Structures are given as structure tokens and as C-alpha cells.
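> Sharing a structure with you now.
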Amino acid sequence: MKQYEFWFVVGSQFLYGPEVLETVAARAAEMADKMNESGLLPFKLVYKATIKTNAEITKIVKEANYTDECAGIVAWCHTFSPSKMWINGFVDLQKPYCHLATQYNQVIPNEEIDMDFMNLNQAAHGDREHGFITARLRLPRKVIAGYWKDENVQKRLGSWMRAAVGAVFSKQIKVMRFGDNMREVAVTEGDKVEAQAKLGWQVNTWPVGRLAEVMNQVTDDEINSMMDYYKSKYEFATDDIETVRYQARAEIAIKKMLDEEGCQAFCNTFQDLYGMKQLPGLATQDLMARGYGYGAEGDWKTAAMTAIMKAMSEGQTGGTAFMEDYTYHLEKGNECTLGAHMLEVCPSIASGKPRIEIHPLGIGDREPPARLVFEGREGPAILVSLVDMGGRLRLICQEVQCIKPIMEMPNLPVARVMWKPMPDLNTSIECWITAGGAHHTVLSYDVTAEQMRDWARMMDIEFVHISKDTTVESLEHVLFLSDLAWKLK
Ligand code: MN
């Protein structure tokens, strides 16, 4: 991952004289330093400038646009900064933008406060003038208010930074597709031209026959070292080593192709496995654990979303996986969902050491593949689905509580996780289906609903949130209005 940074830009003007401007600049630098020292910001906040003119603002925005390391601008107005000088810069801005509405001093100093103090400390109205111009220009933005030393304010800024990195990361994603969609499934389809224009994704196809060729070129030495790596990470619950070695061969070959093409995500389909003996199971699972995105059955949207959410949460617990709603447990009072996939669930969400097992698939017409079997861990999480509504993309985010699976399911040969969706299972199903959410999702214990909302705003796509407070009626109302709004947009 690139060493991203964020630029702290402070608005002012010449009205107050050079001493005030020097104090503002010194304090802004101090604030950036102290917020970096807090350890709560995942990326460096770099104090860039105290800005007084249209030309200065426009120049810094242009610089931010072409600096790859800059993942966003954080702005604040210590003093008053007349808005008209920001217009040209904001019209050009292509990076995520956050308005930190804060104040250098925490409390009003009773004895010290006089007109000099008032001239220097004007954030209460300086930030309002600044808010007006971003509202007037319809600039997608995050507003975070509060004292800059406050832990919660710093955490929220840090959380937004991760969403902004997701936006910058999204703009350069390449998805490798092996095969097309599968068996006439609709929800995995979508407008790839629109996705590239809005989200930056380059989604293109490579022949699975080419993968079979690259697999044939993998050497025994390469497979041996991959097997050592598997032994260090996973428990072998099989003696059929040749079948596991075949997955190692597949993983090495897929990784080679992804890296050669600069792709961060891939999808395939078990309807199109020309030249392959097994569907990649363990291979795909381990690639996801390394940070690659994946979507099954030609699902390039979920593949890219998995990669983005992994990038957003880099350095956290790592619990982000391709997921599918498998089946419900409708026992009254103990309702929950079983999530799993035929093979491809990322072991980053495992509660224990995953086991390598081999079982037949029943569908797909290939040899029984090796796969990782494990239980997902407990904790709050989100499920995210991106669907193409025709003319726009809709991101749906469901809040869930993952639980320890309430039964053993000894004959289910796949990785599994159970969750209780908010506000309750039946309402959540009604909301999800009403919104048109897919059966494929990204499950994440790290990324939050607020971050996905921030990300959707940055990408200019619709966001639908199903939380503990959602009712079917309120959601229908939101979807109705949203449909009209997006048609006009
Ligand atoms: Mn599926």
C-alpha cells in the first residue's frame, strides 16, 4: 500500500495583519503534529499552508490533484476566510475533502478574552462561511465538528481518512475476469463503462485457458514453498497432498497473472474452467487473505468492493471477506442467517486455525477441490452489496452482529459464519429485498457503515443503510425519494 498522506489547509485572509497569520500558521502546524502524535490517525496529516488568496487555493488544489500520495484535503478556518476565494479551487478539486470544524482553544478564557482574541479566534463564524461555499457548490464533503484534541474527533477523522484512501484506491483498481457471468444470474451484471467512469474500475476479461497454461508452467519448487507456507498457516485435515498441491499451483498462477497485469481483484465462474481439474478453493481463499479482492460466479462488483474494503481497513484486524447469504434459521426468538460460500470465504474472518479439507462439490463437473473450513468470529460487522440500478449504482450496507454458530453442522464442508442482522432478521430481509441487495456481499468486521457512507458520497453513488433504527416503511420512503433524486441528478 502506498504511503498516503492528507493535507491540512487553513483558510484566512490579509485583514488581520502578519502577526495573526503567523500565529495561525504556527498553531495549525502544532495541531497537525499533535494529532499525528495521538496515534489515532492511520495516515499522516501534513500541515500545508495558511491560505489568503484565490491563487494560493487554486494552486494547492491542483497540486493535491496530481500528487498520488495525497489522499485528501482537511480544511479548517482559524479566522474568517472569505468564500469567494475558494470557488475556483473547489471547482477543480478531485480529491476527498473533509471540513474539520474545530477551535484552537477548548474553552472561552474569561480574563484573557478581548478584541485581539476575537480577531484571532474566529472559527465559529469562519467555519460557517466555509461551509456555505461547499454547500453552495454541492461539493461532496465530510464535516467533523469538535475540539481537535478530543479523542473521538481524532478517531472520526482517522475513520474518514480510511474511507478517503478507499476512494483513491478505487480510482486505480483493475479487475481480472475469467469467464463471464454464470447461468443467467442478473445481480452480478452491471454497466462496466459506468463503473469505470464513476469508480475508476478497469474490468476486463482474460481467457481461463491462459490461466491453465500459466498453471502448467509453475515449478515444483514454487509449489513446495507454497506448501510450506500453507503448513505454517493452516491445519492439514487431509492426506491427499496432490489435491492440495494443485490448489498451490492455481494460487501461484493466478497471483502471477494478477501481479503482471497490476490487478487487485479477480472473479471466475465454475461454468468456465477450461483446462482446470479443480475449481480454485484454497487458492482463492489464500489470495483473499493476502489482500486481493474476489467475487464468485463472475461477480466483478463484489470482487472490486472486497479489494477496496480490504485496502480501507489495512493494518486493522483484517476481517474482510467475500460472503453469501446461504440459509436462514427461523426459530422464533433465535433467528439468524448462515453465511458461507461453496468454497471461497476469506480466512481473515476465522475464529481459529482454518483446516484444509477436500470434499466433492456436487456441481461444477470437476475433481473435489481442497478448501479452508472454519468458523467466523463473533462481533459487530457490516454486509455490503453494490448493485446496478440502471443509470446509477446503489451501495447497500446492512449492520449485523456475528455470533458463534449455534450448531456444529458437521456435514457442511465449507467455511461458515452466523449473524443476527439489524434491526431483526425478518425486517432486515424485507429491507434488503426491497432495496434489491444481492446474495453476494462483502462482510467486514473492520469497515464501518459510516465509512461506507463516506465512501459512497466521495464516489457519488447512492447509499442505503439498514441499521437498528430502520423500518420497512422508512426505507421504502427513502428509496422512493432517492429514485426521483437520482433520475434528476
Ligand atoms: Mn455465489
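Going by the C-alpha cells order, chains are called A, B, ..., each with residues numbered from 1, while ligands are numbered from 1 in the order shown.
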Please identify the strand (DSSP E or B) residues within segment 101-290 of chain A (assignment by DSSP from backbone atoms) and present them as a PDB file with N, CA and C atoms, in the first residue's frame.

```pdb
ATOM      1  N   ALA A 101     -14.338  21.254  11.601  1.00  0.00           N
ATOM      2  CA  ALA A 101     -14.842  22.479  12.244  1.00  0.00           C
ATOM      3  C   ALA A 101     -14.429  22.435  13.712  1.00  0.00           C
ATOM      4  N   LYS A 142     -17.192  15.778   4.018  1.00  0.00           N
ATOM      5  CA  LYS A 142     -17.447  15.285   5.369  1.00  0.00           C
ATOM      6  C   LYS A 142     -17.233  16.460   6.303  1.00  0.00           C
ATOM      7  N   VAL A 143     -18.153  16.674   7.233  1.00  0.00           N
ATOM      8  CA  VAL A 143     -17.960  17.718   8.238  1.00  0.00           C
ATOM      9  C   VAL A 143     -17.780  17.034   9.589  1.00  0.00           C
ATOM     10  N   ILE A 144     -16.651  17.317  10.245  1.00  0.00           N
ATOM     11  CA  ILE A 144     -16.404  16.771  11.584  1.00  0.00           C
ATOM     12  C   ILE A 144     -16.235  17.951  12.531  1.00  0.00           C
ATOM     13  N   ALA A 145     -17.096  18.018  13.533  1.00  0.00           N
ATOM     14  CA  ALA A 145     -17.033  19.138  14.478  1.00  0.00           C
ATOM     15  C   ALA A 145     -16.606  18.652  15.853  1.00  0.00           C
ATOM     16  N   LYS A 174      -7.925  -2.553 -10.992  1.00  0.00           N
ATOM     17  CA  LYS A 174      -8.118  -3.380 -12.188  1.00  0.00           C
ATOM     18  C   LYS A 174      -8.648  -4.740 -11.733  1.00  0.00           C
ATOM     19  N   VAL A 175      -9.723  -5.176 -12.360  1.00  0.00           N
ATOM     20  CA  VAL A 175     -10.314  -6.475 -12.016  1.00  0.00           C
ATOM     21  C   VAL A 175     -10.093  -7.443 -13.168  1.00  0.00           C
ATOM     22  N   MET A 176      -9.515  -8.605 -12.853  1.00  0.00           N
ATOM     23  CA  MET A 176      -9.296  -9.646 -13.862  1.00  0.00           C
ATOM     24  C   MET A 176     -10.477 -10.610 -13.840  1.00  0.00           C
ATOM     25  N   ARG A 177     -11.154 -10.716 -14.980  1.00  0.00           N
ATOM     26  CA  ARG A 177     -12.287 -11.637 -15.060  1.00  0.00           C
ATOM     27  C   ARG A 177     -11.885 -12.871 -15.856  1.00  0.00           C
ATOM     28  N   PHE A 178     -12.114 -14.037 -15.265  1.00  0.00           N
ATOM     29  CA  PHE A 178     -12.002 -15.289 -16.016  1.00  0.00           C
ATOM     30  C   PHE A 178     -13.421 -15.733 -16.321  1.00  0.00           C
ATOM     31  N   GLN A 202     -11.196  -0.663 -13.848  1.00  0.00           N
ATOM     32  CA  GLN A 202     -10.961  -1.260 -15.163  1.00  0.00           C
ATOM     33  C   GLN A 202     -11.287  -2.741 -15.048  1.00  0.00           C
ATOM     34  N   VAL A 203     -12.401  -3.132 -15.634  1.00  0.00           N
ATOM     35  CA  VAL A 203     -12.866  -4.520 -15.522  1.00  0.00           C
ATOM     36  C   VAL A 203     -12.760  -5.163 -16.894  1.00  0.00           C
ATOM     37  N   ASN A 204     -11.868  -6.137 -17.015  1.00  0.00           N
ATOM     38  CA  ASN A 204     -11.643  -6.753 -18.324  1.00  0.00           C
ATOM     39  C   ASN A 204     -11.455  -8.250 -18.186  1.00  0.00           C
ATOM     40  N   THR A 205     -11.531  -8.934 -19.322  1.00  0.00           N
ATOM     41  CA  THR A 205     -11.519 -10.397 -19.296  1.00  0.00           C
ATOM     42  C   THR A 205     -10.185 -10.985 -19.747  1.00  0.00           C
ATOM     43  N   TRP A 206      -9.835 -12.120 -19.172  1.00  0.00           N
ATOM     44  CA  TRP A 206      -8.686 -12.906 -19.603  1.00  0.00           C
ATOM     45  C   TRP A 206      -9.163 -14.340 -19.774  1.00  0.00           C
ATOM     46  N   GLU A 235      -4.149 -25.881   9.229  1.00  0.00           N
ATOM     47  CA  GLU A 235      -4.069 -27.261   9.698  1.00  0.00           C
ATOM     48  C   GLU A 235      -4.453 -28.181   8.537  1.00  0.00           C
ATOM     49  N   PHE A 236      -3.639 -29.202   8.285  1.00  0.00           N
ATOM     50  CA  PHE A 236      -3.953 -30.139   7.202  1.00  0.00           C
ATOM     51  C   PHE A 236      -4.886 -31.228   7.722  1.00  0.00           C
ATOM     52  N   ALA A 265      -7.923  -7.479  -7.992  1.00  0.00           N
ATOM     53  CA  ALA A 265      -9.104  -8.306  -7.736  1.00  0.00           C
ATOM     54  C   ALA A 265      -9.358  -9.199  -8.952  1.00  0.00           C
ATOM     55  N   PHE A 266     -10.076 -10.294  -8.708  1.00  0.00           N
ATOM     56  CA  PHE A 266     -10.420 -11.178  -9.827  1.00  0.00           C
ATOM     57  C   PHE A 266     -11.739 -11.876  -9.552  1.00  0.00           C
ATOM     58  N   CYS A 267     -12.350 -12.386 -10.623  1.00  0.00           N
ATOM     59  CA  CYS A 267     -13.524 -13.233 -10.458  1.00  0.00           C
ATOM     60  C   CYS A 267     -13.461 -14.348 -11.484  1.00  0.00           C
TER      61      CYS A 267
END
```
> Using only C-alpha atoms and all ligand atoms, determine which residues fall within 10 Å of ligand 1, then list them as JSON, numbers by chain.
{"A": [182, 185, 188, 269, 295, 296, 297, 298, 299, 322, 323, 324, 325, 326, 340, 341, 342, 343, 344, 438, 439, 440, 441]}
> Would you please work out which residue, of A:Ile433, A:Cys336, A:Met458, A:Met312, is nearest to Trp419 of chain A when using only C-alpha atoms?
A:Cys336
> Using only C-alpha atoms, which of the listed residues (A:Thr50, A:Asn426, A:Gln316, A:Gln94) sits closest to Lys62 of chain A?
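Looking only at the distances to Lys62 of chain A, the closest residue turns out to be A:Gln94.
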> I need the helix (DSSP H, G or I) residues of segment 53-149 of chain A per DSSP on the backbone, written as a PyMOL selection string.
chain A and resi 54-66+83-92+115-120+123-136
